[in-house]
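A short write-up of the structure that comes next.
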Number of protein chains: 2
Amino acid sequence: MVEYDGTCFSGWQRQDGGIPSVQEDIESAITAFCQLDIRIHAAGRTDAGVHAQGQVAHFDLDYGDRKLEGWQLVNALNAHLRNKAVVVLKAEIADPAFHARFSAKNKLYRYRILSRVAVPVLDAKRVWHTRHELNVDAMNRCAKVLLGTHDFTSFRAAECQSKSPVKTLDRLDVFARNYEGGGIEIIIETEGRSFLHHQVRNMAGALMEVGTGEWNEADLQRVLEARDRKENAVTAPPDGLYLVRVDY
Amino acid sequence: MVEYDGTCFSGWQRQDGGIPSVQEDIESAITAFCQLDIRIHAAGRTDAGVHAQGQVAHFDLDYGDRKLEGWQLVNALNAHLRNKAVVVLKAEIADPAFHARFSAKNKLYRYRILSRVAVPVLDAKRVWHTRHELNVDAMNRCAKVLLGTHDFTSFRAAECQSKSPVKTLDRLDVFARNYEGGGIEIIIETEGRSFLHHQVRNMAGALMEVGTGEWNEADLQRVLEARDRKENAVTAPPDGLYLVRVDY
């Protein structure tokens with residue numbers, strides 16, 4: 001399980017040309033540790049700027065007769081990740097059949113919005129800042145339109161590689177808390193087995209329209225049923241998005 | 001009222017030689033706004049690396065016949081603070097007798113400790129990281145030894161300019177919450193009218209000794225009564241300290 005500051009990466013996925021990725025940093029640490037060229041696989045390949053508090057990844061390593069424990073791997077990898085924006089929180093030896101992505105039963109994503117006049121400095125690149133006052137009750141109520149199994153084409157990025165746009169959303173809650181120094185922090189939490197590319201950020205963008213009063217429940221229903229990305233709102237920025245937890 | 005990321009500054013106080021300070025950034029913004037050379041005064045002059053979510057500062061401005069409202073000042077100053085690590089949250093026209101420091105009746109400081117194996121990356125420079133498991137109940141119980149009016153010489157920096165080492169501590173609470181991704185966040189909250197230089201960080205350092213089991217209530221009592229900085233623990237790093245609120 002790893003934590004990373006998405007601001008420092010072009011995303012999870014390794015890319016050519018020296019573009020910084022979480023995958024490359026971790027793979028380099030593994031290579032430094034065991035002198036083998038290893039590929040790792042993540043539960044969800046997050047985009048540039050998206051943070052993780054509990055991303056999960058696996059890799060196959062033949063460590064022969066050596067006894068390797070999870071905490072040893074944590075310490076060894078973190079020693080090679082010093083001063084990087086990614087850190088290993090936990091590691092364990094998994095069943096050979098385990099796959100970080102395909103074995104995942106549930107993922108929790110959190111999206112943070114900060115509503116106040118002043119731009120954030122302590123939470124710069126950690127929240128989506130808006131000067132609008134948002135109707136959080138309406139956001140939470142309308143969010144329920146998206147629960148269940150739907151064709152989420154309207155919430156899907158053009159680059160999405162998923163075979164089917166049909167996904168099952170198990171949870172989509174919106175709530176608020178006071179933000180220190182004034183202002184309101186609006187938190188969107190969503191859970192499901194898997195998500196389309198940009199799905200959470202497109203849901204956050206749509207819920208922003210609800211929060212400002214531009215859209216109501218019927219609008220959200222219409223957008224969902226349109227199965228057309230162009231009917232939907234703007235994609236929320238990556239700054240506020242966190243992959244919080246993956247359940248197996 | 002201002003928020004700032006202490007990481008980016010050598011502290012509140014203006015210094016010579018191009019050293020970045022919160023005071024200088026705000027004063028420069030005021031000058032850019034009204035073409036006058038103005039000095040501002042803060043409720044508490046925070047050290048290098050210390051954050052603020054609700055620092056308060058005042059300045060005297062003769063704006064003649066112009067009608068100036070708080071929100072206009074907020075917008076004008078923030079326009080000149082763009083891309084700086086400080087932002088104005090709120091402003092109001094105060095009584096001429098008001099002084100940000102001398103009129104303050106109460107200040108709330110928060111100190112955040114993160115207890116887990118892995119170093120923080122999302123909260124890098126936002127918490128004091130420790131690998132120790134801390135006894136939070138003991139920390140909260142022993143903290144009460146410091147409540148009330150005492151000679152806090154053992155908790156005072158050598159550079160402290162306060163006339164008297166006697167201060168009244170109205171609140172010192174320690175509590176814990178789960179940290180996303182595993183680990184425990186320990187939060188120290190303290191309130192009082194005024195604090196000595198490094199007092200909160202020295203209290204946090206002493207409470208860390210209690211949390212690890214090195215010290216008990218009697219040790220803390222002994223340190224307090226010694227009135228000798230050398231009897232106390234290390235000064236906690238600035239990373240975890242926040243000036244949260246000033247009450248008038």
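Naming works like this for the structure tokens: A, B, ... for the chains as they're shown, residue 1 at the start of each chain, ligands 1 onward in shown order.
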Contact check, chain B to chain A, at most 10 Å, counting only C-alpha atoms, closest pairs as a Markdown table:
| residue | atom | partner | partner_atom | distance |
| --- | --- | --- | --- | --- |
| B:Met1 | CA | A:Gly181 | CA | 8.0 |
| B:Val2 | CA | A:Gly181 | CA | 8.1 |
| B:Glu3 | CA | A:Val121 | CA | 7.0 |
| B:Tyr4 | CA | A:Val121 | CA | 6.1 |
| B:Asp5 | CA | A:Leu122 | CA | 5.2 |
| B:Gly6 | CA | A:Leu122 | CA | 8.7 |
| B:Thr7 | CA | A:Leu122 | CA | 9.6 |
| B:His51 | CA | A:Leu122 | CA | 8.0 |
| B:Ala52 | CA | A:Leu122 | CA | 8.5 |
| B:Gln53 | CA | A:Gly181 | CA | 5.3 |
| B:Gly54 | CA | A:Gly181 | CA | 5.1 |
| B:Gln55 | CA | A:Gly181 | CA | 8.8 |
| B:Trp71 | CA | A:Val117 | CA | 9.4 |
| B:Val74 | CA | A:Ala118 | CA | 8.2 |
| B:Asn75 | CA | A:Ala118 | CA | 8.4 |
| B:Asn78 | CA | A:Ala118 | CA | 7.5 |
| B:Arg82 | CA | A:Val119 | CA | 9.0 |
| B:Asn83 | CA | A:Val121 | CA | 8.9 |
| B:Lys84 | CA | A:Val121 | CA | 8.0 |
| B:Ala85 | CA | A:Val121 | CA | 5.5 |
| B:Val86 | CA | A:Val121 | CA | 6.3 |
| B:Val87 | CA | A:Ala118 | CA | 6.6 |
| B:Val88 | CA | A:Ala118 | CA | 6.6 |
| B:Leu89 | CA | A:Ala118 | CA | 5.7 |
| B:Lys90 | CA | A:Ala118 | CA | 8.6 |
| B:Arg116 | CA | A:Leu89 | CA | 8.5 |
| B:Val117 | CA | A:Leu89 | CA | 7.3 |
| B:Ala118 | CA | A:Leu89 | CA | 5.7 |
| B:Val119 | CA | A:Val87 | CA | 7.1 |
| B:Pro120 | CA | A:Val87 | CA | 7.6 |
| B:Val121 | CA | A:Ala85 | CA | 5.5 |
| B:Leu122 | CA | A:Asp5 | CA | 5.2 |
| B:Asp123 | CA | A:Asp5 | CA | 8.8 |
| B:Ala124 | CA | A:Ala85 | CA | 9.0 |
| B:Arg126 | CA | A:Leu122 | CA | 8.9 |
| B:Tyr179 | CA | A:Gln53 | CA | 9.4 |
| B:Glu180 | CA | A:Gln53 | CA | 6.2 |
| B:Gly181 | CA | A:Gly54 | CA | 5.1 |
| B:Gly182 | CA | A:Leu89 | CA | 7.6 |
| B:Gly183 | CA | A:Leu89 | CA | 9.1 |
| B:Val244 | CA | A:Glu180 | CA | 7.1 |
| B:Arg245 | CA | A:Gly181 | CA | 7.3 |
### Message
DSSP on the backbone, strand (DSSP E or B) only: what residues of range 21-175 of chain A does that give? Format it as a PyMOL selection string.
### Response
chain A and resi 41-42+47+51-55+57-58+86-88+106-115+128-130+148-151+166-175
### Task
Go through A:Asn202, A:Gly211, A:Ala32, A:Leu172 one by one, measure the shortest atom-to-atom distance of each to Glu231 in chain A using only C-alpha atoms, and give the residue with the smallest value.
A:Asn202
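With only C-alpha atoms taken into account, the protein and nucleic acid residues at most 8 Å from Asn216 in chain B (excluding it and anything under 5 positions from it in its own chain) are Ala138, Cys142 and Val210 of chain B.
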Since we have the selection now, will you write its residues out, keeping N, CA, C and O atoms, as a PDB file, in the first residue's frame?
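Written out: part.pdb:
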ATOM      1  N   ALA B 138      -1.860   9.192  28.401  1.00  0.00           N
ATOM      2  CA  ALA B 138      -0.852   9.722  29.330  1.00  0.00           C
ATOM      3  C   ALA B 138      -0.479  11.149  28.957  1.00  0.00           C
ATOM      4  O   ALA B 138      -0.344  12.025  29.825  1.00  0.00           O
ATOM      5  N   CYS B 142      -1.022  14.099  31.624  1.00  0.00           N
ATOM      6  CA  CYS B 142       0.152  14.819  32.136  1.00  0.00           C
ATOM      7  C   CYS B 142       0.164  16.289  31.696  1.00  0.00           C
ATOM      8  O   CYS B 142       0.697  17.145  32.393  1.00  0.00           O
ATOM      9  N   VAL B 210       6.525  12.146  27.230  1.00  0.00           N
ATOM     10  CA  VAL B 210       5.470  11.462  27.979  1.00  0.00           C
ATOM     11  C   VAL B 210       4.852  10.363  27.110  1.00  0.00           C
ATOM     12  O   VAL B 210       4.636   9.238  27.559  1.00  0.00           O
TER      13      VAL B 210
END
### Surrounding residues of Trp128 in chain A excluding itself and chain neighbours under 5 positions, 7 Å, only C-alpha atoms, as a ChimeraX atom specification
/A:112-114,237,239-240
Output of the above residues as a compact mmCIF listing (two decimals), in the first residue's frame, restricted to all heavy atoms:
# COMPACT_ATOMS: atom_id res chain seq x y z
N ARG A 112 -12.18 16.55 -2.53
CA ARG A 112 -12.29 17.69 -1.61
C ARG A 112 -12.47 19.00 -2.38
O ARG A 112 -11.68 19.33 -3.26
CB ARG A 112 -11.03 17.81 -0.75
CG ARG A 112 -10.77 16.64 0.16
CD ARG A 112 -9.42 16.79 0.87
NE ARG A 112 -9.39 17.97 1.73
CZ ARG A 112 -8.28 18.53 2.22
NH1 ARG A 112 -7.10 18.02 1.92
NH2 ARG A 112 -8.35 19.59 2.99
N ILE A 113 -13.50 19.76 -1.99
CA ILE A 113 -13.75 21.08 -2.56
C ILE A 113 -13.65 22.10 -1.43
O ILE A 113 -14.19 21.87 -0.35
CB ILE A 113 -15.16 21.15 -3.19
CG1 ILE A 113 -15.30 20.12 -4.32
CG2 ILE A 113 -15.47 22.56 -3.70
CD1 ILE A 113 -16.72 19.98 -4.86
N LEU A 114 -12.95 23.20 -1.67
CA LEU A 114 -12.90 24.26 -0.66
C LEU A 114 -13.66 25.47 -1.19
O LEU A 114 -13.32 26.03 -2.23
CB LEU A 114 -11.45 24.66 -0.34
CG LEU A 114 -11.29 25.85 0.61
CD1 LEU A 114 -11.95 25.58 1.96
CD2 LEU A 114 -9.81 26.19 0.81
N PRO A 237 -10.77 19.40 -11.52
CA PRO A 237 -9.31 19.27 -11.55
C PRO A 237 -8.83 18.12 -10.66
O PRO A 237 -9.53 17.71 -9.73
CB PRO A 237 -8.82 20.62 -11.00
CG PRO A 237 -9.98 21.19 -10.27
CD PRO A 237 -11.21 20.66 -10.92
N ASP A 239 -6.55 18.08 -8.47
CA ASP A 239 -6.05 18.54 -7.16
C ASP A 239 -6.80 17.97 -5.97
O ASP A 239 -6.22 17.67 -4.94
CB ASP A 239 -6.12 20.07 -7.08
CG ASP A 239 -5.52 20.75 -8.28
OD1 ASP A 239 -5.86 20.36 -9.41
OD2 ASP A 239 -4.73 21.69 -8.10
N GLY A 240 -8.13 17.87 -6.10
CA GLY A 240 -8.95 17.49 -4.95
C GLY A 240 -9.19 16.00 -4.80
O GLY A 240 -9.85 15.57 -3.85
### Message
Under the rule that only C-alpha atoms are counted, which of A:Ile188, A:Ala97, A:Val22, A:Val166 is the nearest residue to Val127 in chain A?
### Response
A:Ile188
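With only C-alpha atoms as the atoms that count, the minimum distance from Leu146 in chain A to the choices A:Ala176, A:Leu61, A:Leu169, A:Ala233 is reached by A:Leu169.
DSSP, applied to the backbone of this structure, assigns alpha helix (DSSP H) to the following residues of range 47-82 of chain B: Gly70, Trp71, Gln72, Leu73, Val74, Asn75, Ala76, Leu77, Asn78, Ala79 and His80 of chain B.
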### Task
Work out how far CA of Ala143 in chain A is from CA of Ser115 in chain A, in Å to one decimal.
18.7 Å
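By only C-alpha atoms, and with residues fewer than 2 positions from Glu24 in chain A along its chain excluded, the set lying at most 9 Å from it is A:Trp12, A:Gln13, A:Arg14, A:Gln15, A:Pro20, A:Ser21, A:Val22, A:Ile26, A:Glu27, A:Ser28, A:Ala29.
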### Message
Taking 2 positions as the minimum chain separation for residues in the same chain, which residues sit within 12 Å of His58 in chain A when counting only C-alpha atoms? Answer as a PyMOL selection string.
### Response
chain A and resi 1-2+23+26-27+30+38-44+55-56+60-61+88+90-104
Keeping only N, CA, C and O atoms, write the selected residues as a compact mmCIF listing (two decimals), in the first residue's frame.
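What ended up in part.txt:
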# COMPACT_ATOMS: atom_id res chain seq x y z
N MET A 1 0.85 -1.19 0.00
CA MET A 1 0.00 0.00 0.00
C MET A 1 0.89 1.24 0.00
O MET A 1 1.84 1.31 0.78
N VAL A 2 0.59 2.19 -0.86
CA VAL A 2 1.44 3.38 -0.98
C VAL A 2 0.64 4.67 -0.89
O VAL A 2 -0.54 4.72 -1.21
N GLN A 23 4.79 4.88 -10.77
CA GLN A 23 5.22 3.52 -11.12
C GLN A 23 6.74 3.45 -11.29
O GLN A 23 7.39 2.55 -10.75
N ILE A 26 8.65 3.67 -7.94
CA ILE A 26 8.58 2.44 -7.13
C ILE A 26 9.38 1.32 -7.81
O ILE A 26 10.11 0.58 -7.15
N GLU A 27 9.24 1.20 -9.13
CA GLU A 27 9.99 0.15 -9.83
C GLU A 27 11.50 0.37 -9.69
O GLU A 27 12.26 -0.60 -9.53
N ILE A 30 12.48 -0.89 -6.33
CA ILE A 30 12.51 -2.35 -6.29
C ILE A 30 13.79 -2.86 -6.95
O ILE A 30 14.47 -3.74 -6.43
N ILE A 38 11.62 -5.17 -12.59
CA ILE A 38 10.30 -5.65 -12.15
C ILE A 38 9.21 -4.69 -12.64
O ILE A 38 9.42 -3.48 -12.66
N ARG A 39 8.06 -5.24 -13.04
CA ARG A 39 6.91 -4.39 -13.37
C ARG A 39 5.88 -4.51 -12.26
O ARG A 39 5.57 -5.61 -11.81
N ILE A 40 5.34 -3.36 -11.82
CA ILE A 40 4.30 -3.41 -10.79
C ILE A 40 2.95 -3.03 -11.39
O ILE A 40 2.86 -2.35 -12.43
N HIS A 41 1.88 -3.49 -10.72
CA HIS A 41 0.52 -3.29 -11.21
C HIS A 41 -0.32 -2.66 -10.10
O HIS A 41 -0.37 -3.18 -8.99
N ALA A 42 -0.98 -1.55 -10.43
CA ALA A 42 -1.74 -0.81 -9.42
C ALA A 42 -3.22 -1.16 -9.47
O ALA A 42 -3.74 -1.57 -10.52
N ALA A 43 -3.90 -0.93 -8.35
CA ALA A 43 -5.35 -1.14 -8.29
C ALA A 43 -6.05 -0.17 -9.24
O ALA A 43 -6.98 -0.55 -9.96
N GLY A 44 -5.61 1.07 -9.26
CA GLY A 44 -6.18 2.08 -10.15
C GLY A 44 -5.08 3.00 -10.64
O GLY A 44 -4.33 3.54 -9.82
N GLN A 55 -3.25 3.66 -2.17
CA GLN A 55 -3.13 2.92 -3.43
C GLN A 55 -2.52 1.55 -3.14
O GLN A 55 -1.70 1.43 -2.22
N VAL A 56 -2.95 0.54 -3.87
CA VAL A 56 -2.38 -0.79 -3.70
C VAL A 56 -1.75 -1.23 -5.02
O VAL A 56 -2.31 -0.99 -6.09
N ASP A 60 5.50 -9.44 -8.94
CA ASP A 60 5.95 -10.82 -8.77
C ASP A 60 7.46 -10.81 -8.56
O ASP A 60 8.19 -10.22 -9.37
N LEU A 61 7.88 -11.47 -7.50
CA LEU A 61 9.30 -11.51 -7.19
C LEU A 61 9.66 -12.91 -6.73
O LEU A 61 9.06 -13.44 -5.81
N VAL A 88 6.00 3.83 0.84
CA VAL A 88 5.30 2.56 1.04
C VAL A 88 4.80 2.49 2.48
O VAL A 88 5.57 2.65 3.43
N LYS A 90 2.71 -0.12 3.71
CA LYS A 90 2.53 -1.48 4.19
C LYS A 90 2.84 -2.42 3.04
O LYS A 90 2.66 -2.07 1.88
N ALA A 91 3.32 -3.62 3.36
CA ALA A 91 3.54 -4.62 2.32
C ALA A 91 3.32 -5.99 2.92
O ALA A 91 3.57 -6.21 4.10
N GLU A 92 2.79 -6.88 2.14
CA GLU A 92 2.69 -8.26 2.60
C GLU A 92 2.85 -9.22 1.42
O GLU A 92 2.67 -8.84 0.26
N ILE A 93 3.26 -10.43 1.77
CA ILE A 93 3.42 -11.46 0.74
C ILE A 93 2.02 -11.96 0.40
O ILE A 93 1.28 -12.42 1.27
N ALA A 94 1.66 -11.84 -0.88
CA ALA A 94 0.30 -12.19 -1.29
C ALA A 94 0.26 -13.58 -1.92
O ALA A 94 1.29 -14.14 -2.32
N ASP A 95 -0.94 -14.10 -2.02
CA ASP A 95 -1.18 -15.33 -2.75
C ASP A 95 -0.78 -15.10 -4.22
O ASP A 95 -1.01 -14.02 -4.75
N PRO A 96 -0.18 -16.09 -4.87
CA PRO A 96 0.23 -15.90 -6.27
C PRO A 96 -0.93 -15.48 -7.17
O PRO A 96 -0.71 -14.84 -8.19
N ALA A 97 -2.15 -15.81 -6.79
CA ALA A 97 -3.31 -15.46 -7.62
C ALA A 97 -3.75 -14.01 -7.45
O ALA A 97 -4.56 -13.50 -8.22
N PHE A 98 -3.20 -13.34 -6.43
CA PHE A 98 -3.62 -11.97 -6.14
C PHE A 98 -3.20 -11.01 -7.25
O PHE A 98 -2.06 -11.03 -7.72
N HIS A 99 -4.13 -10.14 -7.66
CA HIS A 99 -3.80 -9.07 -8.62
C HIS A 99 -4.39 -7.77 -8.07
O HIS A 99 -5.59 -7.70 -7.78
N ALA A 100 -3.55 -6.75 -7.92
CA ALA A 100 -3.98 -5.50 -7.28
C ALA A 100 -5.23 -4.93 -7.93
O ALA A 100 -6.12 -4.41 -7.26
N ARG A 101 -5.31 -5.03 -9.27
CA ARG A 101 -6.47 -4.47 -9.95
C ARG A 101 -7.63 -5.46 -10.02
O ARG A 101 -8.75 -5.13 -9.62
N PHE A 102 -7.36 -6.67 -10.51
CA PHE A 102 -8.47 -7.59 -10.79
C PHE A 102 -9.05 -8.22 -9.53
O PHE A 102 -10.20 -8.66 -9.52
N SER A 103 -8.27 -8.25 -8.45
CA SER A 103 -8.80 -8.83 -7.20
C SER A 103 -9.55 -7.80 -6.36
O SER A 103 -10.17 -8.17 -5.35
N ALA A 104 -9.48 -6.53 -6.74
CA ALA A 104 -10.11 -5.48 -5.93
C ALA A 104 -11.63 -5.64 -5.92
O ALA A 104 -12.25 -5.80 -6.96
### Task
Tell me which protein, DNA and RNA residues are within 12 Å of Trp215 in chain A, counting only C-alpha atoms, leaving out same-chain ones fewer than 2 positions away, and put them as a VMD selection string.
chain A and resid 134 to 135 138 to 139 142 to 143 205 to 213 217 to 223 232 to 233
### Query
What does the distance from CA of Thr153 in chain A to CA of Pro165 in chain A come to in Å, to one decimal?
5.5 Å
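Using only C-alpha atoms for every distance, the candidate list A:Phe155, A:Tyr242, A:Phe33, A:Phe175 yields A:Phe155 as the residue closest to Phe195 in chain A.
Picture a line from CA of Tyr109 in chain B to CA of Ala157 in chain B; it runs 17.2 Å.
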